[in-house]
$ cat protein.cif   # mmCIF, C-alpha atoms
data_data
loop_
_atom_site.group_PDB
_atom_site.id
_atom_site.type_symbol
_atom_site.label_atom_id
_atom_site.label_comp_id
_atom_site.auth_asym_id
_atom_site.auth_seq_id
_atom_site.Cartn_x
_atom_site.Cartn_y
_atom_site.Cartn_z
ATOM 1 C CA MET A 1 0.000 0.000 0.000
ATOM 2 C CA ASN A 2 1.343 3.416 -0.927
ATOM 3 C CA HIS A 3 0.915 5.812 2.005
ATOM 4 C CA ARG A 4 2.237 8.867 0.166
ATOM 5 C CA ALA A 5 -0.159 11.814 0.373
ATOM 6 C CA GLY A 6 1.858 14.321 -1.638
ATOM 7 C CA ARG A 7 5.358 15.429 -2.459
ATOM 8 C CA GLY A 8 7.450 17.187 0.144
ATOM 9 C CA SER A 9 8.151 20.894 -0.032
ATOM 10 C CA THR A 10 11.193 22.741 1.251
ATOM 11 C CA THR A 11 11.151 26.258 2.604
ATOM 12 C CA GLY A 12 13.833 28.496 4.032
ATOM 13 C CA GLN A 13 13.289 30.646 7.118
ATOM 14 C CA GLY A 14 14.906 34.047 7.138
ATOM 15 C CA ALA A 15 14.126 35.061 10.720
ATOM 16 C CA GLY A 16 16.995 35.867 13.057
ATOM 17 C CA GLY A 17 18.032 33.894 16.130
ATOM 18 C CA PRO A 18 19.979 30.652 16.401
ATOM 19 C CA ALA A 19 18.049 28.869 13.700
ATOM 20 C CA ALA A 20 19.298 31.283 11.073
ATOM 21 C CA ALA A 21 22.951 30.576 11.860
ATOM 22 C CA GLY A 22 23.134 27.518 9.639
ATOM 23 C CA GLY A 23 20.345 28.330 7.189
ATOM 24 C CA LEU A 24 17.258 26.568 8.512
ATOM 25 C CA ARG A 25 15.757 24.171 5.974
ATOM 26 C CA GLN A 26 12.163 23.078 6.554
ATOM 27 C CA VAL A 27 10.400 20.218 4.784
ATOM 28 C CA THR A 28 6.661 19.563 4.916
ATOM 29 C CA ARG A 29 4.183 17.231 3.247
ATOM 30 C CA PRO A 30 0.402 16.855 3.572
ATOM 31 C CA LEU A 31 -0.706 14.222 6.029
ATOM 32 C CA HIS A 32 -1.912 10.859 4.758
ATOM 33 C CA PRO A 33 -5.757 10.943 4.953
ATOM 34 C CA ALA A 34 -5.811 8.042 7.435
ATOM 35 C CA LEU A 35 -3.537 10.009 9.799
ATOM 36 C CA ARG A 36 -5.553 13.236 9.808
ATOM 37 C CA PRO A 37 -7.924 12.219 12.647
ATOM 38 C CA TYR A 38 -4.905 11.653 14.905
ATOM 39 C CA MET A 39 -2.309 14.246 13.885
ATOM 40 C CA CYS A 40 -2.200 18.034 13.723
ATOM 41 C CA GLY A 41 0.852 18.326 11.510
ATOM 42 C CA ARG A 42 4.473 17.455 10.973
ATOM 43 C CA ILE A 43 7.621 19.137 9.791
ATOM 44 C CA GLY A 44 11.197 18.125 9.076
ATOM 45 C CA TYR A 45 13.980 20.607 9.575
ATOM 46 C CA SER A 46 17.738 20.686 9.518
ATOM 47 C CA HIS A 47 20.394 23.304 10.202
ATOM 48 C CA LEU A 48 23.780 23.974 11.744
ATOM 49 C CA ALA A 49 23.643 26.060 14.891
ATOM 50 C CA PRO A 50 25.761 27.207 17.828
ATOM 51 C CA PRO A 51 24.644 26.094 21.308
ATOM 52 C CA TYR A 52 21.233 27.590 22.033
ATOM 53 C CA ARG A 53 18.274 27.522 24.396
ATOM 54 C CA VAL A 54 14.587 27.671 23.558
ATOM 55 C CA GLN A 55 11.529 27.932 25.783
ATOM 56 C CA MET A 56 8.757 25.520 24.865
ATOM 57 C CA VAL A 57 5.139 26.470 25.524
ATOM 58 C CA PRO A 58 1.935 24.370 25.805
ATOM 59 C CA THR A 59 0.244 23.603 22.497
ATOM 60 C CA GLY A 60 -2.666 21.283 23.250
ATOM 61 C CA HIS A 61 -0.762 18.644 21.257
ATOM 62 C CA VAL A 62 1.462 15.701 22.132
ATOM 63 C CA VAL A 63 4.735 16.265 20.304
ATOM 64 C CA VAL A 64 7.045 13.515 19.058
ATOM 65 C CA THR A 65 10.533 14.653 18.060
ATOM 66 C CA VAL A 66 12.484 12.145 15.986
ATOM 67 C CA ASN A 67 16.084 13.299 16.291
ATOM 68 C CA LEU A 68 18.397 12.210 13.487
ATOM 69 C CA ALA A 69 21.521 14.114 14.606
ATOM 70 C CA GLU A 70 22.878 15.672 17.825
ATOM 71 C CA PRO A 71 20.902 14.910 21.022
ATOM 72 C CA PHE A 72 19.484 17.726 23.114
ATOM 73 C CA SER A 73 21.539 18.621 26.186
ATOM 74 C CA GLN A 74 18.489 18.518 28.427
ATOM 75 C CA VAL A 75 14.863 19.520 28.813
ATOM 76 C CA ARG A 76 13.541 20.815 32.131
ATOM 77 C CA ARG A 77 10.386 22.468 33.438
ATOM 78 C CA LEU A 78 10.436 26.084 34.570
ATOM 79 C CA GLY A 79 9.910 26.347 38.308
ATOM 80 C CA THR A 80 10.322 22.605 38.838
ATOM 81 C CA PRO A 81 13.216 21.316 40.958
ATOM 82 C CA GLY A 82 15.561 18.750 39.514
ATOM 83 C CA PRO A 83 18.239 18.625 36.837
ATOM 84 C CA GLY A 84 15.935 17.816 33.924
ATOM 85 C CA THR A 85 16.241 14.955 31.467
ATOM 86 C CA GLY A 86 19.987 14.965 30.857
ATOM 87 C CA ARG A 87 21.016 14.236 27.269
ATOM 88 C CA ILE A 88 18.021 13.006 25.314
ATOM 89 C CA SER A 89 17.592 12.243 21.639
ATOM 90 C CA SER A 90 14.241 11.234 20.100
ATOM 91 C CA LEU A 91 11.566 12.198 22.602
ATOM 92 C CA VAL A 92 7.894 12.586 23.453
ATOM 93 C CA VAL A 93 6.463 15.700 25.088
ATOM 94 C CA GLY A 94 3.123 14.942 26.742
ATOM 95 C CA MET A 95 0.245 17.356 27.210
ATOM 96 C CA GLU A 96 1.500 20.412 29.089
ATOM 97 C CA ASP A 97 0.165 23.231 31.234
ATOM 98 C CA ARG A 98 3.505 24.938 31.916
ATOM 99 C CA PRO A 99 6.630 25.981 30.006
ATOM 100 C CA ALA A 100 9.914 24.119 29.659
ATOM 101 C CA LEU A 101 13.482 24.971 28.681
ATOM 102 C CA CYS A 102 15.334 22.981 26.046
ATOM 103 C CA ASP A 103 19.127 23.269 25.747
ATOM 104 C CA HIS A 104 20.903 22.105 22.608
ATOM 105 C CA PRO A 105 24.683 21.702 22.433
ATOM 106 C CA GLY A 106 24.840 23.015 18.883
ATOM 107 C CA GLY A 107 26.176 21.383 15.749
ATOM 108 C CA ARG A 108 24.124 19.639 13.101
ATOM 109 C CA GLN A 109 20.435 19.341 13.922
ATOM 110 C CA GLU A 110 18.084 17.220 11.840
ATOM 111 C CA VAL A 111 14.651 16.543 13.257
ATOM 112 C CA ILE A 112 11.216 15.300 12.288
ATOM 113 C CA ARG A 113 8.586 16.887 14.528
ATOM 114 C CA LEU A 114 5.164 15.200 14.713
ATOM 115 C CA ALA A 115 2.187 16.809 16.487
ATOM 116 C CA PHE A 116 -0.604 14.480 17.634
ATOM 117 C CA THR A 117 -3.968 15.205 19.129
ATOM 118 C CA PRO A 118 -4.002 13.859 22.703
ATOM 119 C CA LEU A 119 -6.464 11.135 21.706
ATOM 120 C CA GLY A 120 -4.311 10.273 18.698
ATOM 121 C CA ALA A 121 -1.353 9.901 21.048
ATOM 122 C CA TYR A 122 -3.484 7.767 23.403
ATOM 123 C CA ARG A 123 -4.170 5.433 20.508
ATOM 124 C CA LEU A 124 -0.554 5.474 19.306
ATOM 125 C CA PHE A 125 1.107 4.799 22.665
ATOM 126 C CA ALA A 126 -1.655 2.648 24.231
ATOM 127 C CA LEU A 127 -1.019 3.976 27.728
ATOM 128 C CA PRO A 128 -2.750 6.403 30.119
ATOM 129 C CA MET A 129 -1.901 9.888 28.873
ATOM 130 C CA ARG A 130 -1.758 11.242 32.443
ATOM 131 C CA GLU A 131 1.539 9.323 32.752
ATOM 132 C CA LEU A 132 3.035 11.719 30.173
ATOM 133 C CA THR A 133 1.527 14.983 31.467
ATOM 134 C CA ASN A 134 4.256 17.645 31.745
ATOM 135 C CA MET A 135 6.819 14.954 31.008
ATOM 136 C CA VAL A 136 9.571 14.633 28.415
ATOM 137 C CA VAL A 137 10.532 10.998 27.882
ATOM 138 C CA GLY A 138 12.584 9.032 25.383
ATOM 139 C CA LEU A 139 10.582 7.842 22.398
ATOM 140 C CA ASP A 140 11.855 4.285 22.849
ATOM 141 C CA SER A 141 10.363 4.119 26.350
ATOM 142 C CA VAL A 142 6.771 4.592 25.088
ATOM 143 C CA LEU A 143 6.744 3.358 21.494
ATOM 144 C CA SER A 144 8.665 0.092 21.160
ATOM 145 C CA PRO A 145 12.106 -1.487 21.577
ATOM 146 C CA GLU A 146 12.496 -1.180 17.794
ATOM 147 C CA THR A 147 12.473 2.624 17.943
ATOM 148 C CA ASP A 148 16.256 2.951 17.759
ATOM 149 C CA ALA A 149 16.335 0.827 14.612
ATOM 150 C CA LEU A 150 13.602 2.991 13.066
ATOM 151 C CA VAL A 151 15.518 6.187 13.852
ATOM 152 C CA GLU A 152 18.666 4.685 12.333
ATOM 153 C CA ARG A 153 16.768 3.817 9.146
ATOM 154 C CA LEU A 154 15.369 7.345 8.940
ATOM 155 C CA ALA A 155 18.795 8.887 9.488
ATOM 156 C CA ALA A 156 20.245 6.663 6.740
ATOM 157 C CA THR A 157 17.506 7.713 4.301
ATOM 158 C CA PRO A 158 18.494 11.066 2.758
ATOM 159 C CA ASP A 159 15.276 11.568 0.762
ATOM 160 C CA TRP A 160 12.585 13.339 2.790
ATOM 161 C CA ASP A 161 9.682 11.788 0.889
ATOM 162 C CA ALA A 162 11.077 8.345 1.617
ATOM 163 C CA ARG A 163 11.383 9.300 5.292
ATOM 164 C CA PHE A 164 7.759 10.400 5.436
ATOM 165 C CA ASP A 165 6.674 7.205 3.658
ATOM 166 C CA LEU A 166 8.516 5.102 6.236
ATOM 167 C CA LEU A 167 7.026 7.009 9.158
ATOM 168 C CA ASP A 168 3.528 6.839 7.665
ATOM 169 C CA ALA A 169 3.728 3.062 7.398
ATOM 170 C CA VAL A 170 4.894 2.680 11.011
ATOM 171 C CA LEU A 171 2.307 5.106 12.403
ATOM 172 C CA LEU A 172 -0.598 3.632 10.442
ATOM 173 C CA GLY A 173 0.260 0.157 11.702
ATOM 174 C CA ARG A 174 0.420 1.318 15.330
ATOM 175 C CA LEU A 175 -2.773 3.385 15.130
ATOM 176 C CA ASP A 176 -4.715 0.525 13.547
ATOM 177 C CA ARG A 177 -3.907 -1.632 16.604
ATOM 178 C CA GLY A 178 -4.283 1.050 19.268
ATOM 179 C CA PRO A 179 -7.116 1.471 21.798
ATOM 180 C CA ALA A 180 -10.058 3.651 20.839
ATOM 181 C CA PRO A 181 -10.885 6.465 23.279
ATOM 182 C CA ALA A 182 -14.262 6.465 25.001
ATOM 183 C CA PRO A 183 -16.849 8.132 22.738
ATOM 184 C CA GLU A 184 -17.757 10.459 25.613
ATOM 185 C CA VAL A 185 -14.149 11.611 26.026
ATOM 186 C CA ASP A 186 -13.808 12.032 22.275
ATOM 187 C CA HIS A 187 -16.972 14.153 22.191
ATOM 188 C CA VAL A 188 -15.862 16.413 25.042
ATOM 189 C CA TRP A 189 -12.385 16.888 23.553
ATOM 190 C CA HIS A 190 -13.839 17.877 20.198
ATOM 191 C CA LEU A 191 -16.223 20.346 21.854
ATOM 192 C CA LEU A 192 -13.298 21.958 23.673
ATOM 193 C CA ALA A 193 -11.036 21.988 20.621
ATOM 194 C CA ALA A 194 -13.698 23.338 18.255
ATOM 195 C CA SER A 195 -14.515 26.198 20.648
ATOM 196 C CA ALA A 196 -10.836 26.923 21.512
ATOM 197 C CA GLY A 197 -11.655 26.191 25.140
ATOM 198 C CA SER A 198 -14.613 28.580 25.367
ATOM 199 C CA VAL A 199 -17.425 26.035 25.816
ATOM 200 C CA PRO A 200 -18.810 26.132 29.403
ATOM 201 C CA ILE A 201 -17.109 23.388 31.431
ATOM 202 C CA VAL A 202 -20.014 22.940 33.843
ATOM 203 C CA GLY A 203 -22.287 21.427 31.200
ATOM 204 C CA LEU A 204 -19.882 18.925 29.685
ATOM 205 C CA ALA A 205 -20.591 16.034 32.063
ATOM 206 C CA GLU A 206 -24.331 16.430 31.605
ATOM 207 C CA GLU A 207 -23.797 16.566 27.830
ATOM 208 C CA VAL A 208 -22.345 13.025 27.812
ATOM 209 C CA GLY A 209 -24.423 11.609 30.675
ATOM 210 C CA TRP A 210 -21.573 11.140 33.142
ATOM 211 C CA SER A 211 -20.977 12.509 36.605
ATOM 212 C CA ARG A 212 -18.505 15.370 36.746
ATOM 213 C CA SER A 213 -15.949 13.375 38.743
ATOM 214 C CA TYR A 214 -16.176 10.410 36.368
ATOM 215 C CA LEU A 215 -15.685 12.660 33.345
ATOM 216 C CA VAL A 216 -12.641 14.287 34.927
ATOM 217 C CA ARG A 217 -11.128 10.890 35.716
ATOM 218 C CA ARG A 218 -11.701 9.315 32.286
ATOM 219 C CA PHE A 219 -10.805 12.495 30.388
ATOM 220 C CA THR A 220 -7.548 12.926 32.309
ATOM 221 C CA GLN A 221 -6.647 9.286 31.710
ATOM 222 C CA GLN A 222 -7.101 9.549 27.946
ATOM 223 C CA VAL A 223 -6.185 13.210 27.265
ATOM 224 C CA GLY A 224 -3.658 13.937 30.006
ATOM 225 C CA LEU A 225 -5.282 17.096 31.392
ATOM 226 C CA THR A 226 -8.583 17.763 33.113
ATOM 227 C CA PRO A 227 -11.288 19.354 30.937
ATOM 228 C CA LYS A 228 -10.808 22.685 32.737
ATOM 229 C CA THR A 229 -7.030 22.692 32.238
ATOM 230 C CA ALA A 230 -7.385 21.553 28.623
ATOM 231 C CA ALA A 231 -9.706 24.527 28.042
ATOM 232 C CA ARG A 232 -7.073 26.891 29.488
ATOM 233 C CA VAL A 233 -4.408 25.490 27.173
ATOM 234 C CA LEU A 234 -6.670 25.684 24.121
ATOM 235 C CA ARG A 235 -7.568 29.323 24.903
ATOM 236 C CA PHE A 236 -3.871 30.072 25.252
ATOM 237 C CA ARG A 237 -3.124 28.407 21.913
ATOM 238 C CA ARG A 238 -5.785 30.474 20.182
ATOM 239 C CA ALA A 239 -4.384 33.619 21.779
ATOM 240 C CA THR A 240 -0.848 32.839 20.595
ATOM 241 C CA GLU A 241 -2.127 32.183 17.073
ATOM 242 C CA MET A 242 -3.912 35.539 17.061
ATOM 243 C CA LEU A 243 -0.796 37.257 18.414
ATOM 244 C CA ALA A 244 1.225 35.719 15.604
ATOM 245 C CA GLY A 245 -1.235 37.262 13.149
ATOM 246 C CA GLY A 246 -0.376 40.688 14.572
ATOM 247 C CA THR A 247 -3.753 42.288 13.901
ATOM 248 C CA VAL A 248 -5.317 42.508 17.356
ATOM 249 C CA SER A 249 -4.718 44.620 20.455
ATOM 250 C CA LEU A 250 -4.198 42.949 23.819
ATOM 251 C CA ALA A 251 -7.618 44.196 24.931
ATOM 252 C CA GLY A 252 -9.174 42.759 21.777
ATOM 253 C CA LEU A 253 -7.238 39.533 22.306
ATOM 254 C CA SER A 254 -8.605 39.194 25.837
ATOM 255 C CA ALA A 255 -12.184 39.612 24.646
ATOM 256 C CA ALA A 256 -11.821 37.323 21.613
ATOM 257 C CA CYS A 257 -10.286 34.459 23.602
ATOM 258 C CA GLY A 258 -12.616 34.538 26.579
ATOM 259 C CA TYR A 259 -10.367 36.127 29.221
ATOM 260 C CA TYR A 260 -12.031 38.337 31.825
ATOM 261 C CA ASP A 261 -9.699 41.231 31.094
ATOM 262 C CA GLN A 262 -6.132 42.017 30.076
ATOM 263 C CA ALA A 263 -4.849 41.276 33.597
ATOM 264 C CA HIS A 264 -6.346 37.781 33.338
ATOM 265 C CA LEU A 265 -4.678 37.353 29.939
ATOM 266 C CA ASN A 266 -1.299 38.366 31.395
ATOM 267 C CA ARG A 267 -1.645 35.954 34.338
ATOM 268 C CA GLU A 268 -2.495 33.048 32.065
ATOM 269 C CA PHE A 269 0.448 33.741 29.773
ATOM 270 C CA GLN A 270 2.807 33.907 32.745
ATOM 271 C CA ALA A 271 1.422 30.656 34.173
ATOM 272 C CA LEU A 272 1.375 28.698 30.924
ATOM 273 C CA ALA A 273 4.350 30.178 29.060
ATOM 274 C CA GLY A 274 6.457 32.090 31.591
ATOM 275 C CA ILE A 275 6.276 35.152 29.349
ATOM 276 C CA THR A 276 3.982 38.148 28.830
ATOM 277 C CA PRO A 277 1.874 38.518 25.663
ATOM 278 C CA GLY A 278 3.863 41.626 24.754
ATOM 279 C CA ARG A 279 7.162 39.805 25.041
ATOM 280 C CA MET A 280 5.873 36.880 23.030
ATOM 281 C CA THR A 281 5.122 39.158 20.068
ATOM 282 C CA THR A 282 8.834 40.033 19.816
ATOM 283 C CA ALA A 283 10.285 36.565 20.516
ATOM 284 C CA THR A 284 12.011 34.663 17.722
ATOM 285 C CA ARG A 285 10.512 31.290 16.781
ATOM 286 C CA PRO A 286 13.277 29.093 15.323
ATOM 287 C CA VAL A 287 10.938 26.089 15.317
ATOM 288 C CA GLU A 288 7.238 25.723 16.032
ATOM 289 C CA ASP A 289 6.061 26.358 19.604
ATOM 290 C CA ALA A 290 9.503 27.378 20.881
ATOM 291 C CA LEU A 291 10.783 30.834 21.791
ATOM 292 C CA ALA A 292 14.428 31.787 21.378
ATOM 293 C CA LEU A 293 15.996 33.134 24.579
#
$ encode --input "protein.cif" --output "structure tokens"
Amino acid sequence: MNHRAGRGSTTGQGAGGPAAAGGLRQVTRPLHPALRPYMCGRIGYSHLAPPYRVQMVPTGHVVVTVNLAEPFSQVRRLGTPGPGTGRISSLVVGMEDRPALCDHPGGRQEVIRLAFTPLGAYRLFALPMRELTNMVVGLDSVLSPETDALVERLAATPDWDARFDLLDAVLLGRLDRGPAPAPEVDHVWHLLAASAGSVPIVGLAEEVGWSRSYLVRRFTQQVGLTPKTAARVLRFRRATEMLAGGTVSLAGLSAACGYYDQAHLNREFQALAGITPGRMTTATRPVEDALAL
């Protein structure tokens, strides 16, 4: 079966910051139709860079980073004690409600970044998503013992279309065998995602015929966050997307995204991203969902 959905495209990014040091090359390709219910997007990128640090922010996605070159020095949560992950190569970032720092030692970087819906990740990994909440773990620890061999095959394949074909085949096989989320959890997640977190939380349990506590328990197991926290993250994501568009004032942003006022907007950005909305508008984005520091 041919899983190819379209030819890859390569784009250059001219923004400043560490990514520009080695001429960032980005490669994208449309998702295979059978992957679209489970994934939000993917991108391959490569560049040469000096040592750098980026600040990762919550996205409402589960991110898989397939690292084909130099490992990251470490990833650690802001405000959380402990040394972080240590050196880590291909990794999974679970659902998040707080920022993290990622240090890279520099040199050649070649990465395939896959963004999954939380329920797509639940099906892919076949484990409770709460075990990955605010965690960064090695891909081999949650996917399969054959992960290292897969990464080696990808690294040895210079053609990006062939890399995407290989990944598509592996992902489709895993997703076909994975557990289906509860229809009630799926319904609530889609209500939250479609409304960018603005649907009233109090009516969600009644909507699916569950008690509130049972919904919170099952939703957290399969999504990784409670419905209320997921709504906060989805509102934040919508706000960051509107900020990136550059056509709205902070007061207008607060109203459009369901914040009480601009002070509420500022508090949420500090809690979820460790940065103010104003500062985020001037931050460099060398890769998606990461801010250059």
$ resolve_selection --input "protein.cif" --expression "the PyMOL selection byres ((chain A and resi 131) around 10)" --output "PyMOL selection string"
chain A and resi 94-95+127-130+132-135+220-222+224
$ atom_distance --input "protein.cif" --atom1 "CA of Tyr52 (chain A)" --atom2 "CA of Gly106 (chain A)"
6.6 Å
$ residues_around --input "protein.cif" --residues "region 99-102 of chain A" --least-positions-apart "3" --cutoff "9 Å" --atoms "all atoms listed in the file" --output "number ranges by chain"
A: 52-58, 72-79, 96, 134, 271-274, 290
$ write_last_selection --input "protein.cif" --atoms "C-alpha atoms" --output "mmCIF file, in the coordinates of the input"
data_model
loop_
_atom_site.group_PDB
_atom_site.id
_atom_site.type_symbol
_atom_site.label_atom_id
_atom_site.label_comp_id
_atom_site.auth_asym_id
_atom_site.auth_seq_id
_atom_site.Cartn_x
_atom_site.Cartn_y
_atom_site.Cartn_z
ATOM 1 C CA TYR A 52 21.233 27.590 22.033
ATOM 2 C CA ARG A 53 18.274 27.522 24.396
ATOM 3 C CA VAL A 54 14.587 27.671 23.558
ATOM 4 C CA GLN A 55 11.529 27.932 25.783
ATOM 5 C CA MET A 56 8.757 25.520 24.865
ATOM 6 C CA VAL A 57 5.139 26.470 25.524
ATOM 7 C CA PRO A 58 1.935 24.370 25.805
ATOM 8 C CA PHE A 72 19.484 17.726 23.114
ATOM 9 C CA SER A 73 21.539 18.621 26.186
ATOM 10 C CA GLN A 74 18.489 18.518 28.427
ATOM 11 C CA VAL A 75 14.863 19.520 28.813
ATOM 12 C CA ARG A 76 13.541 20.815 32.131
ATOM 13 C CA ARG A 77 10.386 22.468 33.438
ATOM 14 C CA LEU A 78 10.436 26.084 34.570
ATOM 15 C CA GLY A 79 9.910 26.347 38.308
ATOM 16 C CA GLU A 96 1.500 20.412 29.089
ATOM 17 C CA ASN A 134 4.256 17.645 31.745
ATOM 18 C CA ALA A 271 1.422 30.656 34.173
ATOM 19 C CA LEU A 272 1.375 28.698 30.924
ATOM 20 C CA ALA A 273 4.350 30.178 29.060
ATOM 21 C CA GLY A 274 6.457 32.090 31.591
ATOM 22 C CA ALA A 290 9.503 27.378 20.881
#
$ resolve_selection --input "protein.cif" --expression "the PyMOL selection byres ((chain A and resi 278) around 10)" --output "list of chain:residue names"
A:Leu243, A:Leu250, A:Asn266, A:Phe269, A:Ile275, A:Thr276, A:Pro277, A:Arg279, A:Met280, A:Thr281, A:Thr282, A:Ala283
$ closest_residue --input "protein.cif" --among "A:Pro145, A:Tyr122, A:Cys40, A:Thr240" --to "Glu268 (chain A)" --atoms "all atoms listed in the file"
A:Thr240
$ resolve_selection --input "protein.cif" --expression "the PyMOL selection byres ((chain A and resi 136) around 6)" --output "number ranges by chain"
A: 92-93, 135, 137
$ atom_distance --input "protein.cif" --atom1 "CA of Leu114 (chain A)" --atom2 "CA of Gly86 (chain A)"
21.9 Å
$ residues_around --input "protein.cif" --residues "Gln262 (chain A)" --least-positions-apart "5" --cutoff "9 Å" --atoms "only C-alpha atoms" --output "PyMOL selection string"
chain A and resi 250-255+267
$ residues_around --input "protein.cif" --residues "His190 (chain A)" --least-positions-apart "3" --cutoff "12 Å" --atoms "only C-alpha atoms" --output "PDB file with C-alpha atoms, keeping the file's coordinate frame"
ATOM      1  CA  PRO A  37      -7.924  12.219  12.647  1.00  0.00           C
ATOM      2  CA  THR A 117      -3.968  15.205  19.129  1.00  0.00           C
ATOM      3  CA  PRO A 118      -4.002  13.859  22.703  1.00  0.00           C
ATOM      4  CA  LEU A 119      -6.464  11.135  21.706  1.00  0.00           C
ATOM      5  CA  PRO A 183     -16.849   8.132  22.738  1.00  0.00           C
ATOM      6  CA  GLU A 184     -17.757  10.459  25.613  1.00  0.00           C
ATOM      7  CA  VAL A 185     -14.149  11.611  26.026  1.00  0.00           C
ATOM      8  CA  ASP A 186     -13.808  12.032  22.275  1.00  0.00           C
ATOM      9  CA  HIS A 187     -16.972  14.153  22.191  1.00  0.00           C
ATOM     10  CA  ALA A 193     -11.036  21.988  20.621  1.00  0.00           C
ATOM     11  CA  ALA A 194     -13.698  23.338  18.255  1.00  0.00           C
ATOM     12  CA  SER A 195     -14.515  26.198  20.648  1.00  0.00           C
ATOM     13  CA  ALA A 196     -10.836  26.923  21.512  1.00  0.00           C
ATOM     14  CA  GLY A 197     -11.655  26.191  25.140  1.00  0.00           C
ATOM     15  CA  SER A 198     -14.613  28.580  25.367  1.00  0.00           C
ATOM     16  CA  VAL A 199     -17.425  26.035  25.816  1.00  0.00           C
ATOM     17  CA  LEU A 204     -19.882  18.925  29.685  1.00  0.00           C
ATOM     18  CA  PHE A 219     -10.805  12.495  30.388  1.00  0.00           C
ATOM     19  CA  VAL A 223      -6.185  13.210  27.265  1.00  0.00           C
ATOM     20  CA  PRO A 227     -11.288  19.354  30.937  1.00  0.00           C
ATOM     21  CA  ALA A 230      -7.385  21.553  28.623  1.00  0.00           C
ATOM     22  CA  ALA A 231      -9.706  24.527  28.042  1.00  0.00           C
ATOM     23  CA  LEU A 234      -6.670  25.684  24.121  1.00  0.00           C
TER      24      LEU A 234
END
$ closest_residue --input "protein.cif" --among "A:Ala169, A:Ile43, A:Ala126, A:Leu24" --to "Ser144 (chain A)" --atoms "all atoms listed in the file"
A:Ala126
$ closest_residue --input "protein.cif" --among "A:Val66, A:Leu154, A:Ala162, A:Ala244" --to "Arg29 (chain A)" --atoms "all atoms listed in the file"
A:Ala162
$ closest_residue --input "protein.cif" --among "A:Val202, A:Leu172, A:Ala180, A:Ala115" --to "His32 (chain A)" --atoms "only C-alpha atoms"
A:Leu172
$ atom_distance --input "protein.cif" --atom1 "CA of Arg98 (chain A)" --atom2 "CA of Val63 (chain A)"
14.5 Å
$ closest_residue --input "protein.cif" --among "A:Leu91, A:Leu139, A:Leu68, A:Leu124" --to "Ala156 (chain A)" --atoms "all atoms listed in the file"
A:Leu68
$ residues_around --input "protein.cif" --residues "Val170 (chain A)" --least-positions-apart "2" --cutoff "12 Å" --atoms "all atoms listed in the file" --output "list in words"
His3, Leu35, Leu124, Leu143, Ser144, Glu146, Thr147, Leu150, Val151, Leu154, Arg163, Phe164, Asp165, Leu166, Leu167, Asp168, Leu172, Gly173, Arg174, Leu175, Asp176 and Arg177 of chain A
$ axis_aligned_box --input "protein.cif" --around "region 225-243 of chain A" --padding-each-side "6 Å" --output "JSON"
{"center_x": -6.0, "center_y": 27.2, "center_z": 25.1, "size_x": 22.5, "size_y": 32.2, "size_z": 28.1}
$ closest_residue --input "protein.cif" --among "A:Gly245, A:Lys228, A:Phe116, A:Ser90" --to "Ala149 (chain A)" --atoms "all atoms listed in the file"
A:Ser90
